[in-house]
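Structure below is coords04.cif: mmCIF, C-alpha atoms and all ligand atoms.
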data_final
#
loop_
_atom_site.label_atom_id
_atom_site.label_comp_id
_atom_site.auth_asym_id
_atom_site.auth_seq_id
_atom_site.Cartn_x
_atom_site.Cartn_y
_atom_site.Cartn_z
CA MET A 1 -23.69 17.19 -16.27
CA GLU A 2 -22.35 14.18 -14.41
CA GLU A 3 -21.08 12.63 -17.65
CA GLN A 4 -19.25 15.86 -18.44
CA ARG A 5 -17.61 15.85 -15.03
CA TYR A 6 -16.41 12.27 -15.48
CA HIS A 7 -15.21 13.12 -18.97
CA ARG A 8 -13.07 15.93 -17.54
CA GLN A 9 -11.75 13.63 -14.81
CA ARG A 10 -10.75 11.10 -17.48
CA GLU A 11 -8.90 13.77 -19.45
CA CYS A 12 -6.98 14.77 -16.29
CA MET A 13 -6.20 11.12 -15.55
CA VAL A 14 -4.79 10.65 -19.05
CA GLN A 15 -2.56 13.77 -18.84
CA ASN A 16 -1.47 13.70 -15.22
CA GLN A 17 -1.12 9.96 -14.62
CA LEU A 18 -0.39 8.42 -18.02
CA VAL A 19 1.22 10.92 -20.43
CA SER A 20 3.35 12.43 -17.65
CA ARG A 21 4.76 8.97 -16.83
CA GLY A 22 5.61 8.04 -20.39
CA ILE A 23 2.54 6.25 -21.76
CA ASP A 24 2.68 7.44 -25.37
CA ASP A 25 0.76 4.99 -27.56
CA PRO A 26 -2.01 7.20 -29.05
CA GLN A 27 -4.49 4.31 -29.24
CA VAL A 28 -3.94 3.42 -25.59
CA LEU A 29 -4.38 7.04 -24.51
CA GLU A 30 -7.54 7.31 -26.59
CA VAL A 31 -9.25 4.34 -24.96
CA PHE A 32 -8.34 5.53 -21.47
CA GLY A 33 -10.07 8.79 -22.38
CA LYS A 34 -13.14 6.86 -23.43
CA VAL A 35 -13.82 3.87 -21.12
CA PRO A 36 -16.05 4.95 -18.16
CA ARG A 37 -13.91 3.66 -15.26
CA HIS A 38 -16.43 4.99 -12.69
CA LEU A 39 -18.99 2.39 -13.84
CA PHE A 40 -16.67 -0.45 -12.80
CA VAL A 41 -16.57 0.53 -9.11
CA ASP A 42 -19.20 0.62 -6.39
CA PRO A 43 -21.43 3.75 -6.54
CA SER A 44 -20.00 4.82 -3.16
CA GLN A 45 -16.49 4.91 -4.69
CA GLN A 46 -17.33 6.56 -8.00
CA HIS A 47 -16.05 9.99 -6.99
CA MET A 48 -12.59 8.39 -6.53
CA ALA A 49 -12.64 6.25 -9.66
CA TYR A 50 -10.18 8.43 -11.61
CA GLY A 51 -7.70 8.87 -8.74
CA ASP A 52 -4.06 7.78 -8.96
CA HIS A 53 -4.55 4.58 -6.94
CA PRO A 54 -6.24 1.17 -6.87
CA LEU A 55 -9.68 0.88 -5.26
CA PRO A 56 -11.44 -1.98 -3.46
CA ILE A 57 -14.06 -3.86 -5.52
CA GLY A 58 -15.21 -6.25 -2.76
CA LEU A 59 -14.14 -9.77 -1.74
CA GLU A 60 -10.67 -8.39 -0.88
CA GLN A 61 -9.93 -7.62 -4.53
CA THR A 62 -9.00 -4.34 -6.18
CA ILE A 63 -9.34 -2.50 -9.47
CA SER A 64 -5.75 -1.67 -10.45
CA GLN A 65 -4.32 1.86 -10.54
CA PRO A 66 -4.92 3.46 -13.99
CA TYR A 67 -1.18 3.82 -14.71
CA ILE A 68 -0.52 0.12 -14.10
CA VAL A 69 -3.44 -0.88 -16.35
CA ALA A 70 -2.04 1.46 -19.05
CA LEU A 71 1.54 0.22 -18.70
CA MET A 72 0.46 -3.42 -18.98
CA THR A 73 -1.78 -2.66 -21.94
CA GLN A 74 0.82 -0.62 -23.82
CA SER A 75 3.47 -3.31 -23.37
CA LEU A 76 1.26 -5.83 -25.25
CA LYS A 77 1.38 -3.62 -28.41
CA LEU A 78 -2.13 -4.54 -29.58
CA GLU A 79 -3.25 -3.74 -33.13
CA LYS A 80 -6.90 -4.89 -33.21
CA HIS A 81 -6.25 -8.33 -34.69
CA GLU A 82 -5.13 -10.23 -31.58
CA LYS A 83 -6.68 -12.96 -29.50
CA VAL A 84 -5.97 -11.96 -25.91
CA LEU A 85 -6.24 -14.01 -22.71
CA GLU A 86 -6.79 -12.08 -19.47
CA ILE A 87 -6.44 -13.75 -16.06
CA GLY A 88 -8.25 -11.97 -13.20
CA THR A 89 -11.25 -10.16 -14.69
CA GLY A 90 -11.95 -8.40 -11.38
CA SER A 91 -14.05 -5.32 -12.07
CA GLY A 92 -13.84 -5.81 -15.84
CA TYR A 93 -12.18 -2.41 -16.43
CA GLN A 94 -8.96 -3.84 -17.86
CA THR A 95 -11.11 -6.22 -19.93
CA ALA A 96 -12.90 -3.26 -21.54
CA ILE A 97 -9.58 -1.58 -22.36
CA LEU A 98 -8.30 -4.79 -23.98
CA ALA A 99 -11.56 -5.33 -25.89
CA GLU A 100 -11.15 -1.85 -27.43
CA LEU A 101 -7.66 -2.68 -28.70
CA ALA A 102 -7.82 -6.37 -29.69
CA GLU A 103 -10.04 -8.58 -31.80
CA HIS A 104 -11.27 -10.83 -29.00
CA VAL A 105 -10.66 -11.10 -25.27
CA TYR A 106 -10.98 -14.33 -23.27
CA THR A 107 -11.16 -13.45 -19.60
CA VAL A 108 -11.03 -15.79 -16.60
CA GLU A 109 -12.01 -14.91 -13.01
CA ARG A 110 -11.87 -17.21 -9.99
CA LEU A 111 -14.70 -15.58 -8.06
CA PRO A 112 -18.03 -16.19 -9.82
CA SER A 113 -19.75 -13.14 -8.31
CA LEU A 114 -17.07 -10.78 -9.68
CA ALA A 115 -17.16 -12.57 -13.05
CA ASP A 116 -20.96 -12.13 -13.24
CA GLN A 117 -20.82 -8.48 -12.26
CA ALA A 118 -18.10 -7.71 -14.83
CA LYS A 119 -20.03 -9.56 -17.54
CA GLU A 120 -23.16 -7.58 -16.80
CA ILE A 121 -21.52 -4.17 -17.04
CA LEU A 122 -19.44 -5.07 -20.11
CA GLU A 123 -22.53 -6.35 -21.92
CA GLU A 124 -24.45 -3.25 -20.91
CA LEU A 125 -21.67 -1.12 -22.40
CA GLY A 126 -22.07 -3.02 -25.66
CA TYR A 127 -18.89 -5.12 -25.81
CA ARG A 128 -19.51 -8.16 -28.00
CA ASN A 129 -15.92 -9.43 -28.37
CA ILE A 130 -15.40 -10.81 -24.87
CA SER A 131 -15.77 -14.42 -23.66
CA PHE A 132 -16.06 -15.02 -19.91
CA ALA A 133 -15.14 -17.98 -17.73
CA ALA A 134 -15.15 -18.56 -13.98
CA GLY A 135 -12.35 -20.79 -12.69
CA ASP A 136 -8.61 -21.08 -12.15
CA GLY A 137 -6.96 -18.89 -14.76
CA ALA A 138 -3.51 -20.34 -14.03
CA ARG A 139 -4.61 -23.20 -16.27
CA GLY A 140 -5.28 -20.80 -19.11
CA TRP A 141 -8.00 -21.52 -21.68
CA PRO A 142 -6.59 -24.50 -23.62
CA ASP A 143 -9.50 -24.79 -26.07
CA GLU A 144 -8.86 -21.29 -27.41
CA ALA A 145 -5.04 -21.34 -27.44
CA PRO A 146 -2.73 -20.08 -28.83
CA PHE A 147 -3.08 -16.45 -27.73
CA ASP A 148 -1.24 -13.51 -29.25
CA ALA A 149 -1.12 -11.79 -25.89
CA ILE A 150 -1.73 -12.77 -22.25
CA LEU A 151 -2.30 -10.35 -19.38
CA VAL A 152 -2.23 -11.63 -15.80
CA ALA A 153 -3.70 -9.21 -13.23
CA ALA A 154 -2.76 -11.15 -10.06
CA ALA A 155 0.71 -11.94 -8.72
CA ALA A 156 2.11 -15.42 -9.38
CA LYS A 157 4.94 -17.00 -7.38
CA SER A 158 6.32 -18.19 -10.70
CA ILE A 159 5.09 -18.16 -14.29
CA PRO A 160 2.36 -20.83 -14.65
CA PRO A 161 3.62 -23.27 -17.35
CA PRO A 162 0.18 -23.65 -19.05
CA LEU A 163 0.14 -19.90 -19.77
CA LEU A 164 3.55 -20.02 -21.44
CA GLU A 165 2.46 -23.04 -23.45
CA GLN A 166 -0.69 -21.25 -24.62
CA LEU A 167 1.21 -18.16 -25.77
CA ALA A 168 1.79 -18.02 -29.55
CA PHE A 169 5.32 -17.69 -30.92
CA GLY A 170 6.03 -13.98 -31.16
CA GLY A 171 3.33 -13.44 -28.52
CA ARG A 172 3.70 -11.26 -25.44
CA MET A 173 2.70 -11.91 -21.83
CA VAL A 174 2.67 -9.37 -19.02
CA ILE A 175 2.58 -10.82 -15.51
CA PRO A 176 3.45 -9.73 -11.97
CA VAL A 177 5.77 -12.30 -10.40
CA GLY A 178 6.86 -12.46 -6.76
CA ASP A 179 5.55 -12.93 -3.24
CA ILE A 180 2.83 -10.93 -1.51
CA SER A 181 5.04 -7.92 -0.72
CA VAL A 182 7.67 -7.71 -3.49
CA GLN A 183 6.76 -8.32 -7.12
CA SER A 184 8.19 -7.46 -10.53
CA LEU A 185 5.99 -6.74 -13.49
CA LEU A 186 7.52 -8.89 -16.23
CA LEU A 187 7.04 -8.61 -19.98
CA LEU A 188 7.81 -11.92 -21.70
CA THR A 189 8.14 -12.42 -25.44
CA LYS A 190 8.01 -16.02 -26.63
CA ARG A 191 10.38 -16.91 -29.48
CA GLU A 192 10.87 -20.23 -31.26
CA ASP A 193 14.00 -21.00 -29.27
CA SER A 194 14.04 -18.56 -26.36
CA LEU A 195 12.03 -16.42 -23.97
CA ASP A 196 12.81 -12.69 -23.72
CA LYS A 197 12.24 -11.26 -20.26
CA GLN A 198 11.96 -7.59 -19.44
CA ASP A 199 11.41 -6.24 -15.92
CA LEU A 200 9.02 -3.28 -16.34
CA CYS A 201 8.78 -2.13 -12.72
CA GLY A 202 8.08 -3.10 -9.14
CA CYS A 203 4.41 -3.58 -8.35
CA ARG A 204 1.93 -4.92 -5.84
CA PHE A 205 -0.98 -7.07 -7.01
CA VAL A 206 -3.33 -9.34 -5.09
CA PRO A 207 -2.12 -12.97 -5.23
CA LEU A 208 -2.98 -15.38 -8.02
CA ILE A 209 -4.71 -18.19 -6.14
CA GLN A 210 -3.80 -21.58 -7.59
CA GLU A 211 -5.72 -24.69 -6.72
N1 LIG B 1 -7.72 -6.02 -13.82
C1 LIG B 1 -8.60 -6.13 -12.69
C2 LIG B 1 -7.79 -6.54 -11.50
C3 LIG B 1 -8.50 -7.44 -10.60
S1 LIG B 1 -7.59 -7.93 -9.16
C4 LIG B 1 -9.27 -4.80 -12.45
O1 LIG B 1 -8.64 -3.78 -12.77
O2 LIG B 1 -10.38 -4.76 -11.95
C5 LIG B 1 -7.15 -9.57 -9.59
C6 LIG B 1 -8.26 -10.54 -9.80
O3 LIG B 1 -7.66 -11.82 -10.03
C7 LIG B 1 -9.20 -10.72 -8.62
O4 LIG B 1 -10.51 -10.47 -9.03
C8 LIG B 1 -9.01 -12.19 -8.22
O5 LIG B 1 -10.20 -12.82 -7.77
C9 LIG B 1 -8.52 -12.80 -9.51
N2 LIG B 1 -7.78 -14.07 -9.37
C10 LIG B 1 -6.90 -14.45 -8.42
N3 LIG B 1 -6.43 -15.68 -8.67
C11 LIG B 1 -7.02 -16.10 -9.82
C12 LIG B 1 -6.95 -17.30 -10.60
N4 LIG B 1 -6.16 -18.33 -10.28
N5 LIG B 1 -7.70 -17.37 -11.72
C13 LIG B 1 -8.51 -16.35 -12.10
N6 LIG B 1 -8.62 -15.20 -11.40
C14 LIG B 1 -7.89 -15.07 -10.28
#

Write the structure described by the file as structure tokens, please.
Amino acid sequence: MEEQRYHRQRECMVQNQLVSRGIDDPQVLEVFGKVPRHLFVDPSQQHMAYGDHPLPIGLEQTISQPYIVALMTQSLKLEKHEKVLEIGTGSGYQTAILAELAEHVYTVERLPSLADQAKEILEELGYRNISFAAGDGARGWPDEAPFDAILVAAAAKSIPPPLLEQLAFGGRMVIPVGDISVQSLLLLTKREDSLDKQDLCGCRFVPLIQE
């Protein structure tokens, strides 16, 4: 019964929040209809898990609004064969979405308790193509570079150079850049001799804490 209710809520989320705002990649829409977002939030918040907003996940962090997760995911154009680096595991929801669409996801979270919690739920859900690390994600994951795609889920004052270095040629990175109140969600494409920059929208993420 409860599963059916959440299934219906997911269908509504996909139509009313994603399709209506222009998310049109069928694979992206399919995984948003499948991944149980309510399991990534505190039981007391589960009834709001499919709402059109971020939610607190403890330690002053948030699970991002579904539309923003979808927009970031779609912009990476994943086709199941990519190595993806994610900075800011948080609840692990975005990690699950990426793991459905890529070959392997390397995810880094600064706060060990969030990293542990995300790992537990993702393992319980059966994901076997995710590697976890606790630490400063602004340094990337040099041992596993280069990455075909990088997703940063916390706002940086400027693009951390190690992340650009660890992006493969032809690779895409999506990252919110700006100060605490005004940020742009940037999509970068790394070419041999240039860097394409596209401003996707204004956004508001928690800050990327750099040591
Ligand atoms: N995609 C996540 C969003 C989490 S919020 C979700 O939907 O649940 C951003 C996360 O980035 C927070 O958990 C925060 O602790 C983490 N973070 C901030 N600075 C970081 C850093 N330098 N390295 C790794 N993680 C960082």

One residue among A:Leu188, A:Leu164, A:Ile159, A:Val41 is nearest to ligand LIG 1 (chain B) when using all atoms listed in the file, and that residue is A:Val41

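The residue that comes closest to ligand LIG 1 (chain B), out of A:Ala145, A:Val84, A:Ala154, A:Ala96 and on the basis of only C-alpha atoms and all ligand atoms, is A:Ala154.
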
>> Distance limit 6 Å, reference ligand LIG 1 (chain B), atoms considered: all atoms listed in the file. Which residues make the cut? Give them as JSON, numbers by chain.
In response: {"A": [61, 62, 63, 64, 87, 88, 89, 90, 91, 92, 93, 94, 108, 109, 110, 111, 135, 136, 137, 138, 153, 154, 206, 207, 208, 209, 210]}

Take the residues that were just selected and, keeping C-alpha atoms, output them as a PDB file, in the frame of the given file.
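And here is the file that came out, out32.pdb:
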ATOM      1  CA  GLN A  61      -9.930  -7.620  -4.530  1.00  0.00           C
ATOM      2  CA  THR A  62      -9.000  -4.340  -6.180  1.00  0.00           C
ATOM      3  CA  ILE A  63      -9.340  -2.500  -9.470  1.00  0.00           C
ATOM      4  CA  SER A  64      -5.750  -1.670 -10.450  1.00  0.00           C
ATOM      5  CA  ILE A  87      -6.440 -13.750 -16.060  1.00  0.00           C
ATOM      6  CA  GLY A  88      -8.250 -11.970 -13.200  1.00  0.00           C
ATOM      7  CA  THR A  89     -11.250 -10.160 -14.690  1.00  0.00           C
ATOM      8  CA  GLY A  90     -11.950  -8.400 -11.380  1.00  0.00           C
ATOM      9  CA  SER A  91     -14.050  -5.320 -12.070  1.00  0.00           C
ATOM     10  CA  GLY A  92     -13.840  -5.810 -15.840  1.00  0.00           C
ATOM     11  CA  TYR A  93     -12.180  -2.410 -16.430  1.00  0.00           C
ATOM     12  CA  GLN A  94      -8.960  -3.840 -17.860  1.00  0.00           C
ATOM     13  CA  VAL A 108     -11.030 -15.790 -16.600  1.00  0.00           C
ATOM     14  CA  GLU A 109     -12.010 -14.910 -13.010  1.00  0.00           C
ATOM     15  CA  ARG A 110     -11.870 -17.210  -9.990  1.00  0.00           C
ATOM     16  CA  LEU A 111     -14.700 -15.580  -8.060  1.00  0.00           C
ATOM     17  CA  GLY A 135     -12.350 -20.790 -12.690  1.00  0.00           C
ATOM     18  CA  ASP A 136      -8.610 -21.080 -12.150  1.00  0.00           C
ATOM     19  CA  GLY A 137      -6.960 -18.890 -14.760  1.00  0.00           C
ATOM     20  CA  ALA A 138      -3.510 -20.340 -14.030  1.00  0.00           C
ATOM     21  CA  ALA A 153      -3.700  -9.210 -13.230  1.00  0.00           C
ATOM     22  CA  ALA A 154      -2.760 -11.150 -10.060  1.00  0.00           C
ATOM     23  CA  VAL A 206      -3.330  -9.340  -5.090  1.00  0.00           C
ATOM     24  CA  PRO A 207      -2.120 -12.970  -5.230  1.00  0.00           C
ATOM     25  CA  LEU A 208      -2.980 -15.380  -8.020  1.00  0.00           C
ATOM     26  CA  ILE A 209      -4.710 -18.190  -6.140  1.00  0.00           C
ATOM     27  CA  GLN A 210      -3.800 -21.580  -7.590  1.00  0.00           C
TER      28      GLN A 210
END

Nearest to Asp42 (chain A), restricted to only C-alpha atoms and choosing among A:Ala155, A:Leu163, A:Met1, A:Ala118, comes out as A:Ala118

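Reported to one decimal place, the separation of CA of Arg37 (chain A) from CA of Ser181 (chain A) is 26.5 Å.
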
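Taking CA of Gly170 (chain A) and CA of Ile150 (chain A) as endpoints, the distance between them is 11.9 Å.
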
Of A:Val105, A:Cys203, A:Val174, A:Ala49, the one nearest to Pro36 (chain A) when counting only C-alpha atoms is A:Ala49

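Shortest separation to Asn129 (chain A) among A:Glu103, A:Ala149, A:Val35, A:Ser113 occurs at residue A:Glu103, atoms counted being all atoms listed in the file.
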
Please write region 134-153 of chain A of the preceding block to a file containing N, CA and C atoms, as a compact mmCIF listing (two decimals), in the first residue's frame?
# COMPACT_ATOMS: atom_id res chain seq x y z
N ALA A 134 35.38 9.59 2.33
CA ALA A 134 35.08 10.73 3.19
C ALA A 134 36.30 11.64 3.13
N GLY A 135 36.08 12.93 2.87
CA GLY A 135 37.20 13.86 2.80
C GLY A 135 36.83 15.08 1.98
N ASP A 136 37.85 15.87 1.63
CA ASP A 136 37.62 17.10 0.88
C ASP A 136 37.56 16.80 -0.62
N GLY A 137 36.34 16.85 -1.15
CA GLY A 137 36.11 16.54 -2.55
C GLY A 137 36.69 17.56 -3.52
N ALA A 138 37.02 18.75 -3.03
CA ALA A 138 37.61 19.76 -3.92
C ALA A 138 38.95 19.28 -4.48
N ARG A 139 39.52 18.28 -3.83
CA ARG A 139 40.78 17.71 -4.34
C ARG A 139 40.53 16.61 -5.37
N GLY A 140 39.27 16.25 -5.54
CA GLY A 140 38.94 15.20 -6.50
C GLY A 140 39.33 13.83 -5.97
N TRP A 141 39.58 12.91 -6.90
CA TRP A 141 39.97 11.54 -6.54
C TRP A 141 41.07 11.17 -7.52
N PRO A 142 42.30 11.70 -7.29
CA PRO A 142 43.36 11.61 -8.30
C PRO A 142 43.66 10.18 -8.76
N ASP A 143 43.58 9.21 -7.84
CA ASP A 143 43.93 7.84 -8.22
C ASP A 143 42.99 7.24 -9.26
N GLU A 144 41.80 7.77 -9.36
CA GLU A 144 40.82 7.20 -10.30
C GLU A 144 40.63 8.07 -11.54
N ALA A 145 41.30 9.22 -11.60
CA ALA A 145 41.14 10.12 -12.75
C ALA A 145 41.74 9.48 -13.99
N PRO A 146 41.31 9.86 -15.21
CA PRO A 146 40.33 10.92 -15.50
C PRO A 146 38.88 10.42 -15.43
N PHE A 147 37.97 11.36 -15.22
CA PHE A 147 36.53 11.07 -15.17
C PHE A 147 35.84 11.60 -16.41
N ASP A 148 34.85 10.85 -16.87
CA ASP A 148 34.08 11.29 -18.05
C ASP A 148 33.10 12.39 -17.67
N ALA A 149 32.70 12.39 -16.40
CA ALA A 149 31.75 13.40 -15.95
C ALA A 149 32.00 13.67 -14.47
N ILE A 150 31.81 14.93 -14.06
CA ILE A 150 31.95 15.32 -12.66
C ILE A 150 30.73 16.14 -12.27
N LEU A 151 30.13 15.77 -11.13
CA LEU A 151 28.98 16.53 -10.62
C LEU A 151 29.33 17.05 -9.23
N VAL A 152 29.24 18.35 -9.05
CA VAL A 152 29.53 18.96 -7.75
C VAL A 152 28.21 19.46 -7.16
N ALA A 153 27.86 18.97 -5.95
CA ALA A 153 26.56 19.28 -5.37
C ALA A 153 26.65 20.31 -4.25
